[in-house]
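A.B. asks: Got a file for you: final.txt, compact mmCIF, C-alpha atoms.
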# COMPACT_ATOMS: atom_id res chain seq x y z
CA MET A 1 76.17 -9.41 84.15
CA ARG A 2 74.68 -7.44 81.26
CA ASN A 3 71.40 -5.59 80.89
CA TYR A 4 69.19 -6.18 77.85
CA VAL A 5 66.12 -4.62 76.28
CA ALA A 6 64.16 -6.90 73.96
CA TYR A 7 62.37 -5.88 70.78
CA TYR A 8 59.84 -8.17 69.08
CA ARG A 9 57.84 -7.70 65.91
CA VAL A 10 54.73 -9.46 64.64
CA SER A 11 53.02 -8.67 61.36
CA THR A 12 49.37 -8.71 62.40
CA GLN A 13 47.15 -7.87 65.34
CA LYS A 14 46.05 -11.51 65.41
CA GLN A 15 49.63 -12.68 65.89
CA GLY A 16 50.10 -10.15 68.65
CA SER A 17 46.93 -11.19 70.49
CA SER A 18 47.43 -14.94 70.14
CA GLY A 19 51.16 -14.95 70.78
CA LEU A 20 51.70 -16.69 67.44
CA GLY A 21 55.26 -15.93 66.42
CA LEU A 22 55.78 -13.72 69.46
CA GLN A 23 56.31 -16.61 71.86
CA ALA A 24 59.04 -18.08 69.66
CA GLN A 25 60.85 -14.73 69.63
CA GLN A 26 60.57 -14.40 73.40
CA ASN A 27 61.94 -17.92 73.91
CA THR A 28 64.84 -17.23 71.57
CA VAL A 29 65.76 -14.04 73.42
CA LYS A 30 65.40 -15.71 76.82
CA ASN A 31 67.73 -18.56 75.79
CA TYR A 32 70.22 -16.12 74.32
CA ILE A 33 70.36 -13.88 77.38
CA GLY A 34 70.69 -16.76 79.84
CA SER A 35 70.19 -16.71 83.60
CA GLY A 36 73.22 -14.58 84.43
CA ASN A 37 71.95 -11.40 82.74
CA VAL A 38 68.97 -9.09 83.20
CA LEU A 39 66.12 -8.36 80.79
CA LEU A 40 65.09 -4.82 81.81
CA ASP A 41 62.14 -4.38 79.49
CA GLU A 42 60.39 -5.74 76.38
CA TYR A 43 58.79 -3.90 73.45
CA THR A 44 56.47 -5.48 70.91
CA GLU A 45 55.68 -3.93 67.53
CA ILE A 46 52.65 -4.98 65.48
CA GLU A 47 53.68 -3.76 62.07
CA SER A 48 54.37 -4.78 58.51
CA GLY A 49 58.01 -5.53 57.78
CA LYS A 50 57.86 -3.14 54.82
CA ASN A 51 57.04 -0.20 57.08
CA ASP A 52 60.08 1.37 58.73
CA LYS A 53 58.10 3.64 61.06
CA ARG A 54 58.58 1.65 64.24
CA ILE A 55 57.32 3.54 67.27
CA GLU A 56 58.00 0.71 69.72
CA LEU A 57 61.49 0.18 68.33
CA GLN A 58 62.31 3.84 68.86
CA LYS A 59 61.10 3.49 72.45
CA ALA A 60 63.26 0.40 72.89
CA ILE A 61 66.33 2.17 71.50
CA SER A 62 65.77 5.17 73.77
CA TYR A 63 65.30 2.98 76.84
CA ALA A 64 68.39 0.92 76.03
CA LYS A 65 70.52 4.05 75.67
CA THR A 66 69.22 5.59 78.88
CA ASN A 67 69.87 2.43 80.87
CA ASN A 68 73.17 1.48 79.19
CA ALA A 69 71.62 -1.75 77.97
CA THR A 70 71.97 -3.88 74.85
CA LEU A 71 69.03 -4.03 72.46
CA VAL A 72 68.40 -7.69 71.58
CA ILE A 73 66.36 -8.94 68.62
CA ALA A 74 65.47 -12.59 68.00
CA LYS A 75 65.97 -12.47 64.22
CA LEU A 76 67.52 -9.92 61.90
CA ASP A 77 64.48 -10.03 59.59
CA ARG A 78 62.33 -8.84 62.51
CA LEU A 79 63.96 -5.43 62.05
CA SER A 80 63.11 -4.65 58.47
CA ARG A 81 63.29 -5.84 54.89
CA ASN A 82 64.90 -2.55 53.99
CA ALA A 83 68.68 -2.16 54.32
CA SER A 84 68.46 1.59 54.97
CA PHE A 85 66.49 0.90 58.14
CA ILE A 86 69.26 -1.29 59.57
CA PHE A 87 71.76 1.45 58.80
CA GLN A 88 69.56 3.89 60.71
CA LEU A 89 69.65 1.52 63.67
CA ARG A 90 73.41 1.30 63.42
CA ASP A 91 73.76 5.06 63.26
CA SER A 92 71.64 5.46 66.41
CA LYS A 93 74.76 4.25 68.29
CA VAL A 94 72.76 1.83 70.43
CA ASP A 95 74.50 -1.41 71.32
CA PHE A 96 72.46 -4.17 69.69
CA THR A 97 72.66 -7.85 68.89
CA CYS A 98 70.64 -10.36 66.89
CA CYS A 99 70.22 -13.84 68.34
CA ASP A 100 70.41 -15.55 64.94
CA ILE A 101 73.74 -13.89 64.07
CA PRO A 102 75.40 -13.37 67.48
CA ASP A 103 78.93 -12.92 66.10
CA ALA A 104 77.93 -10.27 63.59
CA ASN A 105 78.97 -6.66 64.05
CA THR A 106 77.44 -3.50 62.59
CA MET A 107 79.56 -3.80 59.44
CA THR A 108 78.70 -7.42 58.63
CA ILE A 109 75.02 -6.88 59.44
CA GLY A 110 75.09 -4.01 56.96
CA ILE A 111 76.60 -6.32 54.35
CA PHE A 112 73.92 -8.95 54.99
CA ALA A 113 71.20 -6.35 54.67
CA LEU A 114 72.53 -4.94 51.40
CA LEU A 115 72.94 -8.37 49.83
CA ALA A 116 69.48 -9.45 50.95
CA GLN A 117 67.89 -6.30 49.57
CA GLN A 118 69.75 -6.68 46.27
CA GLU A 119 68.54 -10.27 45.94
CA ARG A 120 64.93 -9.24 46.66
CA GLU A 121 65.06 -6.52 44.01
CA MET A 122 66.57 -8.88 41.42
CA ILE A 123 64.00 -11.60 42.16
CA SER A 124 61.14 -9.14 41.91
CA GLU A 125 62.39 -7.79 38.59
CA ARG A 126 62.94 -11.25 37.08
CA THR A 127 59.49 -12.41 38.19
CA LYS A 128 57.80 -9.38 36.63
CA LYS A 129 59.66 -9.85 33.35
CA ALA A 130 58.78 -13.56 33.18
CA LEU A 131 55.08 -12.91 33.80
CA ASN A 132 54.95 -10.07 31.29
CA ALA A 133 56.64 -12.25 28.66
CA LYS A 134 54.07 -15.00 29.17
CA LYS A 135 51.19 -12.58 28.90
CA ALA A 136 52.66 -11.08 25.72
CA GLN A 137 52.75 -14.59 24.20
CA GLY A 138 49.03 -14.98 24.87
CA HIS A 139 49.30 -17.48 27.70
CA LYS A 140 46.66 -17.51 30.40
CA LEU A 141 48.72 -18.12 33.47
CA GLY A 142 47.66 -20.97 35.74
CA LYS A 143 45.71 -22.97 33.09
CA PRO A 144 46.56 -26.76 33.05
CA GLU A 145 46.49 -26.86 29.23
CA ASN A 146 49.45 -24.51 29.23
CA PHE A 147 51.64 -26.95 31.19
CA THR A 148 54.03 -27.67 28.32
CA ASN A 149 57.65 -28.73 28.74
CA GLU A 150 58.51 -25.08 28.72
CA MET A 151 56.05 -24.42 31.53
CA ARG A 152 57.44 -27.32 33.51
CA LYS A 153 60.83 -25.76 33.07
CA LYS A 154 59.37 -22.54 34.38
CA GLY A 155 58.07 -24.50 37.35
CA ARG A 156 61.56 -25.69 38.15
CA GLU A 157 62.78 -22.15 37.82
CA ALA A 158 60.04 -21.01 40.20
CA HIS A 159 61.23 -23.62 42.70
CA HIS A 160 64.72 -22.20 42.28
CA GLU A 161 63.42 -18.69 42.84
CA LYS A 162 61.63 -19.83 45.99
CA ALA A 163 64.90 -21.15 47.37
CA ILE A 164 66.52 -17.79 46.71
CA GLU A 165 63.63 -15.87 48.27
CA ASN A 166 63.86 -17.89 51.49
CA GLU A 167 64.96 -15.44 54.20
CA ASN A 168 67.07 -18.04 56.01
CA ASN A 169 68.84 -18.97 52.77
CA ARG A 170 69.63 -15.34 52.00
CA ARG A 171 71.14 -14.70 55.42
CA ALA A 172 73.17 -17.91 55.24
CA TYR A 173 74.39 -17.06 51.73
CA SER A 174 75.47 -13.59 52.89
CA PHE A 175 77.46 -15.29 55.65
CA ILE A 176 78.92 -17.73 53.12
CA GLN A 177 80.02 -14.92 50.82
CA VAL A 178 81.91 -13.16 53.59
CA LEU A 179 83.80 -16.32 54.57
CA ARG A 180 84.44 -17.44 50.98
CA LYS A 181 86.20 -14.13 50.34
CA GLN A 182 88.48 -15.13 53.21
CA LYS A 183 89.24 -18.45 51.38
CA ALA A 184 87.39 -20.52 53.97
CA THR A 185 86.52 -24.12 53.06
CA TYR A 186 82.93 -25.32 52.73
CA ARG A 187 83.38 -27.58 55.73
CA TYR A 188 84.68 -24.69 57.86
CA ILE A 189 81.81 -22.45 56.73
CA ALA A 190 79.28 -25.17 57.58
CA ALA A 191 80.69 -25.39 61.11
CA LYS A 192 80.53 -21.61 61.52
CA LEU A 193 76.95 -21.49 60.24
CA ASN A 194 75.91 -24.18 62.71
CA ASP A 195 77.76 -22.48 65.59
CA SER A 196 75.96 -19.22 64.78
CA GLY A 197 72.55 -20.89 64.89
CA PHE A 198 71.85 -21.02 61.15
CA LYS A 199 69.66 -23.78 59.72
CA THR A 200 68.97 -24.94 56.19
CA SER A 201 65.58 -24.05 54.68
CA LYS A 202 64.34 -27.44 55.96
CA GLY A 203 65.60 -26.78 59.47
CA ASN A 204 68.64 -29.07 59.28
CA LYS A 205 72.30 -28.60 60.11
CA PHE A 206 74.67 -27.36 57.43
CA PHE A 207 77.32 -29.62 55.90
CA GLY A 208 80.03 -28.76 53.40
CA SER A 209 77.89 -30.16 50.58
CA SER A 210 74.81 -28.11 51.57
CA VAL A 211 76.92 -24.95 51.79
CA ARG A 212 78.24 -25.59 48.29
CA GLN A 213 74.74 -26.33 46.98
CA LEU A 214 73.35 -23.10 48.44
CA GLU A 215 76.22 -21.16 46.92
CA LYS A 216 75.46 -22.70 43.50
CA ILE A 217 71.78 -21.75 43.77
CA PHE A 218 72.57 -18.09 44.37
CA GLU A 219 75.38 -17.96 41.82
CA LYS A 220 73.01 -19.34 39.20
CA GLY A 221 70.68 -16.46 40.07
Take the structure in this file and express it as structure tokens.
C.D. replies:
Amino acid sequence: MRNYVAYYRVSTQKQGSSGLGLQAQQNTVKNYIGSGNVLLDEYTEIESGKNDKRIELQKAISYAKTNNATLVIAKLDRLSRNASFIFQLRDSKVDFTCCDIPDANTMTIGIFALLAQQEREMISERTKKALNAKKAQGHKLGKPENFTNEMRKKGREAHHEKAIENENNRRAYSFIQVLRKQKATYRYIAAKLNDSGFKTSKGNKFFGSSVRQLEKIFEKG
């Protein structure tokens, strides 16, 4: 039997009051812990993901340490969109686990965080450059008369960017990268992703072909 302390995060007061998003996190944690373990306490943060000042999380960490419990989080992206924050959590020496990546350790979570942050920064920079280039050419963005073949191409590129920005895709790709460096096959990686609770951006199971397709999307950049 193990003791757990749960940490949840919602972005707005409305989500916190209505239970929107919170209930799903609570269900995920409950299913992960199972009936043979004990949930000692729960902490809920109503805060933007870009803000790393988490009062409730600090309380949860302190309580978990004091009671020799494991801090459990439903999803890694509930922690922060900033890699440095996850490293701070790691350095706090609290035992923690994320339900969506149960087999991950502090080193692999750090890798996921760094890769995700790098992708976000690259996407942001490319988007800014593309918009500035269009403005410099005199285009009024969003006007139907500007929907030339070039703009349609840009639309496809935007769709590609959206796939890269998808949080689930980024976490899965980070997982893929780690296993590909170990010479794992696409079929093996798909099985591992499914076993670890990963889903495609459409909520489906992974297959070897979908793993390869996701890898191509990120390699294209």
A.B. asks: In Å, with one decimal, what is the gap from atom CA of Lys75 of chain A to atom CA of Gly197 of chain A?
C.D. replies: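 According to the coordinates, atom CA of Lys75 of chain A and atom CA of Gly197 of chain A are separated by 10.7 Å.
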A.B. asks: Out of A:Thr70, A:Ser62, A:Ser209, A:Gln137, which residue has the shortest atom-to-atom distance to Thr185 of chain A when counting all atoms listed in the file?
C.D. replies: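 That would be A:Ser209, the residue with the smallest distance to Thr185 of chain A.
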A.B. asks: What is the atom CA of Glu56 of chain A-atom CA of Thr44 of chain A distance in Å, reported with one decimal?
C.D. replies: 6.5 Å
A.B. asks: Of the candidates A:Lys220, A:Ala69, A:Glu45, A:Ala74, which one gets nearest to Asn31 of chain A if we count all atoms listed in the file?
C.D. replies: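 Result for the nearest residue to Asn31 of chain A: A:Ala74.
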A.B. asks: Between atom CA of Val211 of chain A and atom CA of Ala191 of chain A, what distance in Å does the model show, to one decimal?
C.D. replies: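 Computing the Euclidean distance for atom CA of Val211 of chain A and atom CA of Ala191 of chain A yields 10.1 Å.
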A.B. asks: For Tyr8 of chain A, please output as a short mmCIF file (atom, residue, chain, number, x, y, z; two decimals) with C-alpha atoms, keeping the file's coordinate frame all residues within 9 Å (counting all atoms listed in the file; exclusion window: fewer than 4 positions along the same chain).
C.D. replies:
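Now in out18.cif:
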data_model
loop_
_atom_site.label_atom_id
_atom_site.label_comp_id
_atom_site.auth_asym_id
_atom_site.auth_seq_id
_atom_site.Cartn_x
_atom_site.Cartn_y
_atom_site.Cartn_z
CA LEU A 22 55.78 -13.72 69.46
CA GLN A 25 60.85 -14.73 69.63
CA GLN A 26 60.57 -14.40 73.40
CA GLU A 42 60.39 -5.74 76.38
CA TYR A 43 58.79 -3.90 73.45
CA THR A 44 56.47 -5.48 70.91
CA GLU A 45 55.68 -3.93 67.53
CA ILE A 46 52.65 -4.98 65.48
CA LEU A 57 61.49 0.18 68.33
CA VAL A 72 68.40 -7.69 71.58
CA ILE A 73 66.36 -8.94 68.62
CA ALA A 74 65.47 -12.59 68.00
CA LYS A 75 65.97 -12.47 64.22
CA ARG A 78 62.33 -8.84 62.51
CA LEU A 79 63.96 -5.43 62.05
#
A.B. asks: Pick out the residues sitting within 10 Å of Phe96 of chain A, and hand them over as a PyMOL selection string; count all atoms listed in the file, and ignore anything fewer than 5 positions along from it in its own chain.
C.D. replies: chain A and resi 4-6+61+64+69-73+89-90+102+105-106
A.B. asks: Which of these residues is nearest to Cys98 of chain A, using all atoms listed in the file: A:Thr28, A:Asn169, A:Asn37, A:Gln213?
C.D. replies: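 Nearest candidate to Cys98 of chain A out of A:Thr28, A:Asn169, A:Asn37, A:Gln213: A:Thr28.
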